[in-house]
file entry03.pdb (PDB, C-alpha atoms and all ligand atoms)
ATOM      1  CA  MET A   1      12.514 -15.219   2.434
ATOM      2  CA  ASN A   2      15.625 -13.860   0.700
ATOM      3  CA  LYS A   3      13.968 -11.541  -1.773
ATOM      4  CA  PRO A   4      13.500  -7.859  -0.917
ATOM      5  CA  ILE A   5       9.827  -6.967  -0.456
ATOM      6  CA  ALA A   6       8.001  -4.408  -2.615
ATOM      7  CA  VAL A   7       4.497  -3.198  -1.781
ATOM      8  CA  VAL A   8       2.307  -1.855  -4.587
ATOM      9  CA  THR A   9      -1.024  -0.171  -3.798
ATOM     10  CA  GLY A  10      -3.805  -0.153  -6.384
ATOM     11  CA  ALA A  11      -2.320  -3.302  -7.924
ATOM     12  CA  SER A  12      -5.574  -4.883  -9.152
ATOM     13  CA  ALA A  13      -5.457  -2.960 -12.460
ATOM     14  CA  GLY A  14      -3.550  -0.570 -14.692
ATOM     15  CA  ILE A  15      -0.214   0.894 -13.641
ATOM     16  CA  GLY A  16      -0.214  -0.908 -10.279
ATOM     17  CA  ALA A  17      -0.773  -4.355 -11.782
ATOM     18  CA  ALA A  18       1.934  -3.752 -14.404
ATOM     19  CA  THR A  19       4.345  -2.457 -11.754
ATOM     20  CA  ALA A  20       3.784  -5.562  -9.631
ATOM     21  CA  GLY A  21       4.791  -7.667 -12.639
ATOM     22  CA  HIS A  22       7.881  -5.632 -13.487
ATOM     23  CA  LEU A  23       9.107  -5.561  -9.860
ATOM     24  CA  ALA A  24       8.566  -9.312  -9.516
ATOM     25  CA  ALA A  25      10.609  -9.828 -12.689
ATOM     26  CA  ALA A  26      13.332  -7.616 -11.194
ATOM     27  CA  GLY A  27      13.615  -9.981  -8.205
ATOM     28  CA  PHE A  28      11.232  -8.559  -5.612
ATOM     29  CA  HIS A  29       8.663 -10.428  -3.581
ATOM     30  CA  VAL A  30       5.650  -8.239  -4.313
ATOM     31  CA  VAL A  31       2.766  -7.607  -1.909
ATOM     32  CA  LEU A  32      -0.195  -6.301  -3.912
ATOM     33  CA  GLY A  33      -2.940  -4.220  -2.297
ATOM     34  CA  ALA A  34      -6.370  -3.102  -3.590
ATOM     35  CA  ARG A  35     -10.063  -3.422  -2.746
ATOM     36  CA  ARG A  36     -11.203  -5.889  -5.460
ATOM     37  CA  LEU A  37      -9.666  -9.029  -4.007
ATOM     38  CA  ASP A  38     -10.726 -11.324  -6.884
ATOM     39  CA  ARG A  39      -8.909  -9.218  -9.483
ATOM     40  CA  LEU A  40      -6.000  -8.661  -7.139
ATOM     41  CA  ALA A  41      -5.600 -12.397  -6.594
ATOM     42  CA  GLU A  42      -5.550 -12.973 -10.374
ATOM     43  CA  VAL A  43      -2.752 -10.425 -10.833
ATOM     44  CA  ALA A  44      -0.849 -11.776  -7.825
ATOM     45  CA  THR A  45      -1.003 -15.320  -9.188
ATOM     46  CA  ALA A  46       0.165 -14.153 -12.613
ATOM     47  CA  VAL A  47       3.208 -12.346 -11.192
ATOM     48  CA  GLY A  48       3.968 -14.785  -8.361
ATOM     49  CA  GLY A  49       3.181 -12.223  -5.654
ATOM     50  CA  GLU A  50       0.870 -12.019  -2.664
ATOM     51  CA  ALA A  51      -2.589 -10.399  -2.668
ATOM     52  CA  VAL A  52      -3.682  -8.557   0.479
ATOM     53  CA  GLU A  53      -6.955  -6.639   0.614
ATOM     54  CA  LEU A  54      -6.442  -2.900   1.073
ATOM     55  CA  ASP A  55      -8.681   0.146   1.099
ATOM     56  CA  VAL A  56      -6.382   3.149   1.449
ATOM     57  CA  THR A  57      -9.323   5.313   2.562
ATOM     58  CA  ASP A  58      -9.887   3.133   5.643
ATOM     59  CA  PRO A  59      -7.332   3.486   8.490
ATOM     60  CA  ALA A  60      -8.209   0.048   9.927
ATOM     61  CA  SER A  61      -7.668  -1.581   6.520
ATOM     62  CA  VAL A  62      -4.291   0.151   6.147
ATOM     63  CA  ASP A  63      -3.189  -1.002   9.616
ATOM     64  CA  ALA A  64      -4.269  -4.592   8.929
ATOM     65  CA  PHE A  65      -2.456  -4.466   5.566
ATOM     66  CA  ALA A  66       0.764  -3.114   7.099
ATOM     67  CA  ASP A  67       0.683  -5.876   9.718
ATOM     68  CA  ARG A  68       0.818  -8.425   6.882
ATOM     69  CA  VAL A  69       4.069  -6.906   5.555
ATOM     70  CA  PRO A  70       6.968  -8.218   7.657
ATOM     71  CA  GLU A  71       9.647  -6.094   5.979
ATOM     72  CA  CYS A  72       9.440  -3.418   3.314
ATOM     73  CA  HIS A  73      12.128  -2.263   0.903
ATOM     74  CA  VAL A  74       9.983  -0.549  -1.718
ATOM     75  CA  LEU A  75       6.578   1.110  -1.463
ATOM     76  CA  VAL A  76       4.793   2.194  -4.630
ATOM     77  CA  ASN A  77       1.964   4.584  -3.743
ATOM     78  CA  ASN A  78      -0.126   4.068  -6.849
ATOM     79  CA  ALA A  79      -3.760   3.717  -5.668
ATOM     80  CA  GLY A  80      -5.707   6.724  -6.848
ATOM     81  CA  GLY A  81      -7.579   8.309  -9.667
ATOM     82  CA  ALA A  82      -9.976  11.014 -10.791
ATOM     83  CA  ARG A  83     -13.727  11.451 -10.503
ATOM     84  CA  GLY A  84     -15.541  13.854 -12.795
ATOM     85  CA  LEU A  85     -14.515  16.761 -15.000
ATOM     86  CA  ASP A  86     -16.720  19.510 -13.629
ATOM     87  CA  ARG A  87     -15.870  23.187 -13.506
ATOM     88  CA  VAL A  88     -15.303  24.650 -10.061
ATOM     89  CA  ASP A  89     -18.666  26.436 -10.137
ATOM     90  CA  ALA A  90     -20.339  23.043 -10.561
ATOM     91  CA  ALA A  91     -18.018  21.070  -8.260
ATOM     92  CA  ASP A  92     -19.399  17.932  -6.642
ATOM     93  CA  GLU A  93     -17.984  17.810  -3.121
ATOM     94  CA  SER A  94     -18.356  14.047  -2.826
ATOM     95  CA  GLN A  95     -16.103  13.576  -5.874
ATOM     96  CA  TRP A  96     -13.535  15.982  -4.416
ATOM     97  CA  ARG A  97     -13.668  14.117  -1.111
ATOM     98  CA  TRP A  98     -13.099  10.767  -2.884
ATOM     99  CA  MET A  99     -10.078  12.184  -4.741
ATOM    100  CA  TYR A 100      -8.551  13.631  -1.553
ATOM    101  CA  GLU A 101      -9.237  10.504   0.480
ATOM    102  CA  THR A 102      -7.754   8.163  -2.119
ATOM    103  CA  ASN A 103      -4.839  10.105  -3.602
ATOM    104  CA  VAL A 104      -3.739  12.280  -0.663
ATOM    105  CA  LEU A 105      -4.827  10.727   2.618
ATOM    106  CA  GLY A 106      -4.418   7.223   1.193
ATOM    107  CA  THR A 107      -0.787   7.981   0.370
ATOM    108  CA  LEU A 108      -0.306   9.518   3.810
ATOM    109  CA  ARG A 109      -1.777   6.509   5.630
ATOM    110  CA  VAL A 110       0.111   3.786   3.773
ATOM    111  CA  THR A 111       3.406   5.697   3.802
ATOM    112  CA  LYS A 112       3.132   6.475   7.510
ATOM    113  CA  ALA A 113       2.364   2.834   8.302
ATOM    114  CA  LEU A 114       5.329   1.467   6.332
ATOM    115  CA  LEU A 115       8.012   4.154   6.839
ATOM    116  CA  PRO A 116       9.544   2.477   9.941
ATOM    117  CA  LYS A 117       9.996  -0.778   7.987
ATOM    118  CA  LEU A 118      11.308   1.057   4.912
ATOM    119  CA  VAL A 119      13.994   2.809   6.982
ATOM    120  CA  ALA A 120      14.796  -0.382   8.925
ATOM    121  CA  SER A 121      15.439  -2.187   5.614
ATOM    122  CA  GLY A 122      18.624  -0.117   5.251
ATOM    123  CA  ASN A 123      17.736   0.707   1.626
ATOM    124  CA  GLY A 124      14.121   1.846   1.463
ATOM    125  CA  HIS A 125      12.414   3.488  -1.507
ATOM    126  CA  VAL A 126       9.063   5.275  -1.707
ATOM    127  CA  VAL A 127       7.709   5.774  -5.224
ATOM    128  CA  THR A 128       4.582   7.901  -5.514
ATOM    129  CA  VAL A 129       2.593   7.986  -8.743
ATOM    130  CA  THR A 130       1.189  11.492  -8.969
ATOM    131  CA  SER A 131       0.531  12.898 -12.475
ATOM    132  CA  VAL A 132       1.206  15.819 -14.792
ATOM    133  CA  ALA A 133      -1.894  17.031 -12.914
ATOM    134  CA  ALA A 134       0.489  17.601  -9.984
ATOM    135  CA  ILE A 135       2.294  20.349 -11.922
ATOM    136  CA  GLU A 136      -0.416  21.658 -14.266
ATOM    137  CA  VAL A 137      -4.035  22.776 -14.020
ATOM    138  CA  TYR A 138      -6.777  22.511 -16.629
ATOM    139  CA  ASP A 139     -10.443  23.481 -16.973
ATOM    140  CA  GLY A 140     -12.700  20.994 -15.218
ATOM    141  CA  GLY A 141      -9.755  19.332 -13.518
ATOM    142  CA  ALA A 142      -9.523  21.282 -10.244
ATOM    143  CA  GLY A 143     -10.585  18.423  -7.968
ATOM    144  CA  TYR A 144      -7.991  16.075  -9.450
ATOM    145  CA  THR A 145      -5.205  18.627  -9.948
ATOM    146  CA  ALA A 146      -5.678  19.916  -6.387
ATOM    147  CA  ALA A 147      -5.466  16.368  -5.025
ATOM    148  CA  LYS A 148      -2.413  15.495  -7.142
ATOM    149  CA  HIS A 149      -0.664  18.774  -6.206
ATOM    150  CA  ALA A 150      -1.302  17.911  -2.543
ATOM    151  CA  GLN A 151      -0.103  14.322  -2.969
ATOM    152  CA  SER A 152       3.056  15.649  -4.632
ATOM    153  CA  ALA A 153       3.661  18.151  -1.812
ATOM    154  CA  LEU A 154       3.324  15.369   0.749
ATOM    155  CA  HIS A 155       5.744  13.127  -1.151
ATOM    156  CA  ARG A 156       8.350  15.865  -1.741
ATOM    157  CA  THR A 157       8.229  16.919   1.905
ATOM    158  CA  LEU A 158       9.338  13.421   2.898
ATOM    159  CA  ARG A 159      12.465  13.803   0.760
ATOM    160  CA  GLY A 160      13.618  16.595   3.097
ATOM    161  CA  GLU A 161      12.336  15.114   6.341
ATOM    162  CA  PHE A 162      14.193  11.839   5.788
ATOM    163  CA  LEU A 163      17.418  13.332   4.448
ATOM    164  CA  GLY A 164      20.294  11.383   5.980
ATOM    165  CA  GLN A 165      18.184   8.233   6.392
ATOM    166  CA  PRO A 166      18.635   5.148   4.169
ATOM    167  CA  ILE A 167      15.543   5.815   2.084
ATOM    168  CA  ARG A 168      14.923   7.234  -1.398
ATOM    169  CA  PHE A 169      11.896   9.106  -2.733
ATOM    170  CA  THR A 170      10.826   9.138  -6.378
ATOM    171  CA  GLU A 171       7.774  10.906  -7.787
ATOM    172  CA  ILE A 172       6.420   9.584 -11.091
ATOM    173  CA  LEU A 173       4.340  12.078 -13.093
ATOM    174  CA  PRO A 174       2.668  10.388 -16.073
ATOM    175  CA  GLY A 175       0.648  12.052 -18.793
ATOM    176  CA  MET A 176      -1.978  10.011 -20.648
ATOM    177  CA  VAL A 177      -1.858   6.286 -19.857
ATOM    178  CA  GLU A 178      -4.557   4.014 -21.263
ATOM    179  CA  THR A 179      -5.970   2.147 -18.230
ATOM    180  CA  GLU A 180      -9.322   2.113 -16.415
ATOM    181  CA  PHE A 181      -8.497   5.655 -15.243
ATOM    182  CA  SER A 182     -10.866   7.423 -17.668
ATOM    183  CA  LEU A 183     -13.603   4.849 -17.109
ATOM    184  CA  THR A 184     -13.480   5.713 -13.396
ATOM    185  CA  ARG A 185     -13.314   9.435 -14.125
ATOM    186  CA  PHE A 186     -16.416   9.263 -16.327
ATOM    187  CA  ASN A 187     -18.325   6.877 -14.056
ATOM    188  CA  GLY A 188     -18.215   3.884 -16.440
ATOM    189  CA  ASP A 189     -19.056   5.805 -19.652
ATOM    190  CA  GLU A 190     -16.990   3.778 -22.149
ATOM    191  CA  SER A 191     -17.376   6.037 -25.190
ATOM    192  CA  ARG A 192     -16.310   9.107 -23.204
ATOM    193  CA  ALA A 193     -13.401   7.149 -21.729
ATOM    194  CA  THR A 194     -12.056   5.824 -25.041
ATOM    195  CA  ALA A 195     -12.413   9.256 -26.678
ATOM    196  CA  VAL A 196      -9.649  10.517 -24.355
ATOM    197  CA  TYR A 197      -7.118   8.422 -26.320
ATOM    198  CA  ASP A 198      -8.569   8.979 -29.838
ATOM    199  CA  GLY A 199      -6.069   9.747 -32.579
ATOM    200  CA  LEU A 200      -2.880   9.254 -30.561
ATOM    201  CA  THR A 201      -0.793   6.510 -29.038
ATOM    202  CA  PRO A 202      -1.050   6.856 -25.247
ATOM    203  CA  LEU A 203       1.416   5.404 -22.770
ATOM    204  CA  THR A 204       0.664   1.884 -21.583
ATOM    205  CA  ALA A 205       0.708   0.752 -17.960
ATOM    206  CA  ASP A 206       3.836  -1.254 -18.848
ATOM    207  CA  ASP A 207       5.606   1.917 -20.040
ATOM    208  CA  VAL A 208       5.110   3.469 -16.606
ATOM    209  CA  ALA A 209       5.981   0.247 -14.751
ATOM    210  CA  ASP A 210       9.235   0.074 -16.716
ATOM    211  CA  VAL A 211      10.224   3.577 -15.585
ATOM    212  CA  ILE A 212       9.291   2.867 -11.954
ATOM    213  CA  THR A 213      11.388  -0.287 -12.012
ATOM    214  CA  PHE A 214      14.320   1.601 -13.548
ATOM    215  CA  ALA A 215      14.208   4.133 -10.683
ATOM    216  CA  VAL A 216      13.982   1.415  -8.026
ATOM    217  CA  THR A 217      16.852  -0.633  -9.443
ATOM    218  CA  ARG A 218      19.444   2.198  -9.517
ATOM    219  CA  PRO A 219      22.265   1.901  -6.952
ATOM    220  CA  PRO A 220      21.213   2.991  -3.417
ATOM    221  CA  HIS A 221      23.045   6.347  -3.604
ATOM    222  CA  VAL A 222      21.133   7.412  -6.749
ATOM    223  CA  ASN A 223      17.799   9.179  -6.122
ATOM    224  CA  LEU A 224      15.658   9.987  -9.147
ATOM    225  CA  ASP A 225      13.533  12.729  -7.587
ATOM    226  CA  GLN A 226      10.889  13.401 -10.262
ATOM    227  CA  ILE A 227      10.186  11.700 -13.559
ATOM    228  CA  VAL A 228       7.670  13.214 -15.989
ATOM    229  CA  LEU A 229       6.691  10.874 -18.836
ATOM    230  CA  LYS A 230       4.159  11.528 -21.551
ATOM    231  CA  PRO A 231       3.230  10.095 -24.926
ATOM    232  CA  ARG A 232       5.239  11.683 -27.736
ATOM    233  CA  ALA A 233       1.966  13.151 -29.024
ATOM    234  CA  GLN A 234       1.199  14.922 -25.744
ATOM    235  CA  ALA A 235       2.932  18.226 -24.957
ATOM    236  CA  SER A 236       0.942  19.109 -21.838
ATOM    237  CA  ALA A 237      -2.223  18.233 -19.940
ATOM    238  CA  THR A 238      -4.192  20.338 -22.431
ATOM    239  CA  ARG A 239      -2.243  20.016 -25.684
ATOM    240  CA  ALA A 240      -1.938  16.859 -27.771
ATOM    241  CA  HIS A 241      -1.490  16.070 -31.448
ATOM    242  CA  ARG A 242      -4.288  13.845 -32.751
ATOM    243  CA  THR A 243      -4.577  12.290 -36.199
ATOM    244  CA  THR A 244      -8.396  12.170 -36.046
TER
HETATM  245  P1  LIG A 301      -6.797   2.300 -12.831
HETATM  246  O1  LIG A 301      -6.581   1.341 -13.928
HETATM  247  O2  LIG A 301      -8.180   2.853 -12.607
HETATM  248  O3  LIG A 301      -6.253   1.677 -11.464
HETATM  249  C1  LIG A 301      -6.485   2.294 -10.235
HETATM  250  C2  LIG A 301      -6.082   1.336  -9.119
HETATM  251  O4  LIG A 301      -6.275   2.015  -7.853
HETATM  252  C3  LIG A 301      -6.923   0.074  -9.089
HETATM  253  O5  LIG A 301      -6.099  -1.036  -8.857
HETATM  254  C4  LIG A 301      -7.862   0.300  -7.907
HETATM  255  O6  LIG A 301      -8.152  -0.959  -7.303
HETATM  256  C5  LIG A 301      -6.968   1.132  -6.988
HETATM  257  N1  LIG A 301      -7.724   1.853  -5.980
HETATM  258  C6  LIG A 301      -8.671   2.812  -6.167
HETATM  259  N2  LIG A 301      -9.167   3.198  -4.980
HETATM  260  C7  LIG A 301      -8.512   2.454  -4.031
HETATM  261  C8  LIG A 301      -8.606   2.380  -2.629
HETATM  262  N3  LIG A 301      -9.472   3.130  -1.935
HETATM  263  N4  LIG A 301      -7.789   1.528  -1.966
HETATM  264  C9  LIG A 301      -6.925   0.747  -2.644
HETATM  265  N5  LIG A 301      -6.789   0.767  -3.989
HETATM  266  C10 LIG A 301      -7.600   1.604  -4.662
HETATM  267  O7  LIG A 301      -5.918   3.611 -13.050
HETATM  268  P2  LIG A 301      -4.335   3.835 -13.307
HETATM  269  O8  LIG A 301      -4.229   4.692 -14.502
HETATM  270  O9  LIG A 301      -3.585   2.561 -13.273
HETATM  271  O10 LIG A 301      -4.004   4.745 -12.049
HETATM  272  C11 LIG A 301      -2.940   4.477 -11.150
HETATM  273  C12 LIG A 301      -2.396   5.802 -10.631
HETATM  274  O11 LIG A 301      -1.835   6.529 -11.708
HETATM  275  C13 LIG A 301      -3.437   6.734  -9.990
HETATM  276  O12 LIG A 301      -2.880   7.335  -8.844
HETATM  277  C14 LIG A 301      -3.687   7.761 -11.069
HETATM  278  O13 LIG A 301      -4.138   8.985 -10.535
HETATM  279  C15 LIG A 301      -2.304   7.861 -11.684
HETATM  280  N6  LIG A 301      -2.225   8.409 -13.035
HETATM  281  C16 LIG A 301      -2.923   7.834 -14.059
HETATM  282  C17 LIG A 301      -2.833   8.393 -15.338
HETATM  283  C18 LIG A 301      -3.578   7.839 -16.524
HETATM  284  O14 LIG A 301      -3.707   8.543 -17.548
HETATM  285  N7  LIG A 301      -4.063   6.608 -16.473
HETATM  286  C19 LIG A 301      -2.027   9.515 -15.546
HETATM  287  C20 LIG A 301      -1.329  10.055 -14.483
HETATM  288  C21 LIG A 301      -1.429   9.490 -13.231
HETATM  289  P3  LIG A 301      -9.527  -1.369  -6.613
HETATM  290  O15 LIG A 301     -10.628  -0.650  -7.341
HETATM  291  O16 LIG A 301      -9.543  -2.853  -6.767
HETATM  292  O17 LIG A 301      -9.376  -0.934  -5.189
END

call {"tool": "encode", "arguments": {"input": "entry03.pdb", "output": "structure tokens"}}
result
Amino acid sequence: MNKPIAVVTGASAGIGAATAGHLAAAGFHVVLGARRLDRLAEVATAVGGEAVELDVTDPASVDAFADRVPECHVLVNNAGGARGLDRVDAADESQWRWMYETNVLGTLRVTKALLPKLVASGNGHVVTVTSVAAIEVYDGGAGYTAAKHAQSALHRTLRGEFLGQPIRFTEILPGMVETEFSLTRFNGDESRATAVYDGLTPLTADDVADVITFAVTRPPHVNLDQIVLKPRAQASATRAHRTT
């Protein structure tokens, strides 16, 4: 295979699925990972990539996934999300554990498994999708913001630890993106999920995928360290302009 290989985690939906498509269009052979294999296979077929089952919270699944990736030039750590919007004094530990396992330890496991191949490629690139929640806090968001801060710290540490090696590190920090994110956060409550985007134009998954692909396709000596992108109508995690 002549094409460089890009791995995208959480590629069965949202930002991950869009990123798989954009990277395939940019000339990568894309390996897509997620738990829902039926949806993953549909996306993989649409973009001409390869679907491989992956649960980032399960070390055995991550090892089996990494074994299916012969070489790796780009890793997009995208699998993740939020559960709940409870204040700290009402925190549900199982939701916190899910957010840590998926966003933080999931990123650690997949990155650790693929780093040797990324370095060996001679031009590796790790992109980690954190969030504005990695640099801000908001009421009810502590479980998610704590996890995203931790995921960001992990990612940024790698930038220093691998200095001098042929590998780049880019952190993507989106604001509001309309995906299944809010549906997951609110446990399938559609009206609560759609209300998040009422009265403004949120980012789309394609908007984020476009930015990720821009970062990945810069010349090898150019490292875009952190990219914060938000809808024009959103100034911060807590402040947006709505027309309704
Ligand atoms: P999404 O539509 O809910 O997609 C989440 C993806 O993560 C799905 O493909 C899901 O696939 C995968 N995933 C969840 N748990 C997984 C696991 N244990 N192992 C493997 N894959 C898993 O949400 P999204 O908005 O695209 O979110 C993508 C990333 O962007 C997340 O890290 C999220 O925190 C971040 N982000 C989102 C927003 C936003 O407003 N949407 C803003 C900032 C940052 P399966 O369920 O099939 O496994």

call {"tool": "closest_atom_pairs", "arguments": {"input": "entry03.pdb", "of": "range 148-220 of chain A", "to": "range 8-17 of chain A", "cutoff": "7 Å", "atoms": "only C-alpha atoms", "output": "tab-separated table"}}
result
residue	atom	partner	partner_atom	distance
A:Thr179	CA	A:Gly14	CA	5.1
A:Glu180	CA	A:Gly14	CA	6.6
A:Ala205	CA	A:Ile15	CA	4.4
A:Asp206	CA	A:Ile15	CA	6.9
A:Val208	CA	A:Ile15	CA	6.6
A:Ala209	CA	A:Ile15	CA	6.3

call {"tool": "resolve_selection", "arguments": {"input": "entry03.pdb", "expression": "the PyMOL selection byres (((chain A and resi 143-152) around 8) and not hetatm)", "output": "list in words"}}
result
Gly81, Ala82, Arg83, Ala91, Gln95, Trp96, Met99, Tyr100, Asn103, Val104, Thr107, Thr128, Thr130, Ser131, Ala133, Ala134, Ile135, Glu136, Val137, Tyr138, Gly140, Gly141, Ala142, Ala153, Leu154, His155, Arg156 and Glu171 of chain A

call {"tool": "atom_distance", "arguments": {"input": "entry03.pdb", "atom1": "CA of Asn77 in chain A", "atom2": "CA of Thr19 in chain A"}}
result
10.9 Å

call {"tool": "resolve_selection", "arguments": {"input": "entry03.pdb", "expression": "the PyMOL selection byres (((chain A and resi 212) around 9) and not hetatm)", "output": "number ranges by chain"}}
result
A: 19, 22-23, 76, 127, 170, 172, 207-211, 213-217

call {"tool": "residues_around", "arguments": {"input": "entry03.pdb", "residues": "Asp63 in chain A", "least_positions_apart": "3", "cutoff": "12 Å", "atoms": "only C-alpha atoms", "output": "number ranges by chain"}}
result
A: 52-60, 66-69, 106, 109-114

call {"tool": "atom_distance", "arguments": {"input": "entry03.pdb", "atom1": "CA of Ala51 in chain A", "atom2": "CA of Leu32 in chain A"}}
result
4.9 Å

call {"tool": "closest_residue", "arguments": {"input": "entry03.pdb", "among": "A:Leu37, A:Val129, A:Ser182, A:Thr204", "to": "Ala18 in chain A", "atoms": "only C-alpha atoms"}}
result
A:Thr204

call {"tool": "resolve_selection", "arguments": {"input": "entry03.pdb", "expression": "the PyMOL selection byres (((chain A and resi 199) around 7) and not hetatm)", "output": "ChimeraX atom specification"}}
result
/A:197-198,200,242-244

call {"tool": "build_atoms", "arguments": {"input": "entry03.pdb", "residues": "range 163-179 of chain A", "atoms": "N, CA, C and O atoms", "output": "JSON list (two decimals), keeping the file's coordinate frame"}}
result
[["chain", "number", "residue", "atom", "x", "y", "z"],
["A", 163, "LEU", "N", 16.04, 13.16, 4.93],
["A", 163, "LEU", "CA", 17.42, 13.33, 4.45],
["A", 163, "LEU", "C", 18.39, 12.78, 5.49],
["A", 163, "LEU", "O", 18.24, 13.04, 6.68],
["A", 164, "GLY", "N", 19.35, 12.00, 5.04],
["A", 164, "GLY", "CA", 20.29, 11.38, 5.98],
["A", 164, "GLY", "C", 19.90, 9.98, 6.40],
["A", 164, "GLY", "O", 20.69, 9.26, 6.99],
["A", 165, "GLN", "N", 18.65, 9.59, 6.08],
["A", 165, "GLN", "CA", 18.18, 8.23, 6.39],
["A", 165, "GLN", "C", 18.36, 7.35, 5.15],
["A", 165, "GLN", "O", 18.38, 7.86, 4.02],
["A", 166, "PRO", "N", 18.43, 6.03, 5.34],
["A", 166, "PRO", "CA", 18.64, 5.15, 4.17],
["A", 166, "PRO", "C", 17.33, 4.89, 3.40],
["A", 166, "PRO", "O", 16.82, 3.78, 3.38],
["A", 167, "ILE", "N", 16.80, 5.95, 2.81],
["A", 167, "ILE", "CA", 15.54, 5.82, 2.08],
["A", 167, "ILE", "C", 15.48, 6.83, 0.95],
["A", 167, "ILE", "O", 15.87, 7.99, 1.11],
["A", 168, "ARG", "N", 15.02, 6.36, -0.21],
["A", 168, "ARG", "CA", 14.92, 7.23, -1.40],
["A", 168, "ARG", "C", 13.46, 7.57, -1.68],
["A", 168, "ARG", "O", 12.56, 6.83, -1.28],
["A", 169, "PHE", "N", 13.26, 8.65, -2.40],
["A", 169, "PHE", "CA", 11.90, 9.11, -2.73],
["A", 169, "PHE", "C", 11.85, 9.49, -4.21],
["A", 169, "PHE", "O", 12.59, 10.38, -4.64],
["A", 170, "THR", "N", 10.98, 8.85, -4.95],
["A", 170, "THR", "CA", 10.83, 9.14, -6.38],
["A", 170, "THR", "C", 9.36, 9.43, -6.69],
["A", 170, "THR", "O", 8.48, 8.64, -6.35],
["A", 171, "GLU", "N", 9.13, 10.57, -7.34],
["A", 171, "GLU", "CA", 7.77, 10.91, -7.79],
["A", 171, "GLU", "C", 7.68, 10.65, -9.29],
["A", 171, "GLU", "O", 8.53, 11.10, -10.06],
["A", 172, "ILE", "N", 6.65, 9.90, -9.67],
["A", 172, "ILE", "CA", 6.42, 9.58, -11.09],
["A", 172, "ILE", "C", 5.22, 10.40, -11.55],
["A", 172, "ILE", "O", 4.14, 10.33, -10.95],
["A", 173, "LEU", "N", 5.41, 11.17, -12.63],
["A", 173, "LEU", "CA", 4.34, 12.08, -13.09],
["A", 173, "LEU", "C", 3.95, 11.73, -14.53],
["A", 173, "LEU", "O", 4.47, 12.31, -15.49],
["A", 174, "PRO", "N", 3.03, 10.76, -14.70],
["A", 174, "PRO", "CA", 2.67, 10.39, -16.07],
["A", 174, "PRO", "C", 1.66, 11.36, -16.69],
["A", 174, "PRO", "O", 0.85, 11.97, -16.00],
["A", 175, "GLY", "N", 1.72, 11.42, -18.02],
["A", 175, "GLY", "CA", 0.65, 12.05, -18.79],
["A", 175, "GLY", "C", -0.38, 10.97, -19.09],
["A", 175, "GLY", "O", -0.68, 10.15, -18.23],
["A", 176, "MET", "N", -0.90, 10.96, -20.32],
["A", 176, "MET", "CA", -1.98, 10.01, -20.65],
["A", 176, "MET", "C", -1.51, 8.55, -20.68],
["A", 176, "MET", "O", -0.62, 8.20, -21.46],
["A", 177, "VAL", "N", -2.14, 7.73, -19.87],
["A", 177, "VAL", "CA", -1.86, 6.29, -19.86],
["A", 177, "VAL", "C", -3.20, 5.58, -20.06],
["A", 177, "VAL", "O", -4.15, 5.86, -19.33],
["A", 178, "GLU", "N", -3.27, 4.68, -21.03],
["A", 178, "GLU", "CA", -4.56, 4.01, -21.26],
["A", 178, "GLU", "C", -4.76, 2.87, -20.26],
["A", 178, "GLU", "O", -4.12, 1.83, -20.35],
["A", 179, "THR", "N", -5.62, 3.12, -19.28],
["A", 179, "THR", "CA", -5.97, 2.15, -18.23],
["A", 179, "THR", "C", -7.47, 2.31, -17.96],
["A", 179, "THR", "O", -8.18, 2.89, -18.78]]
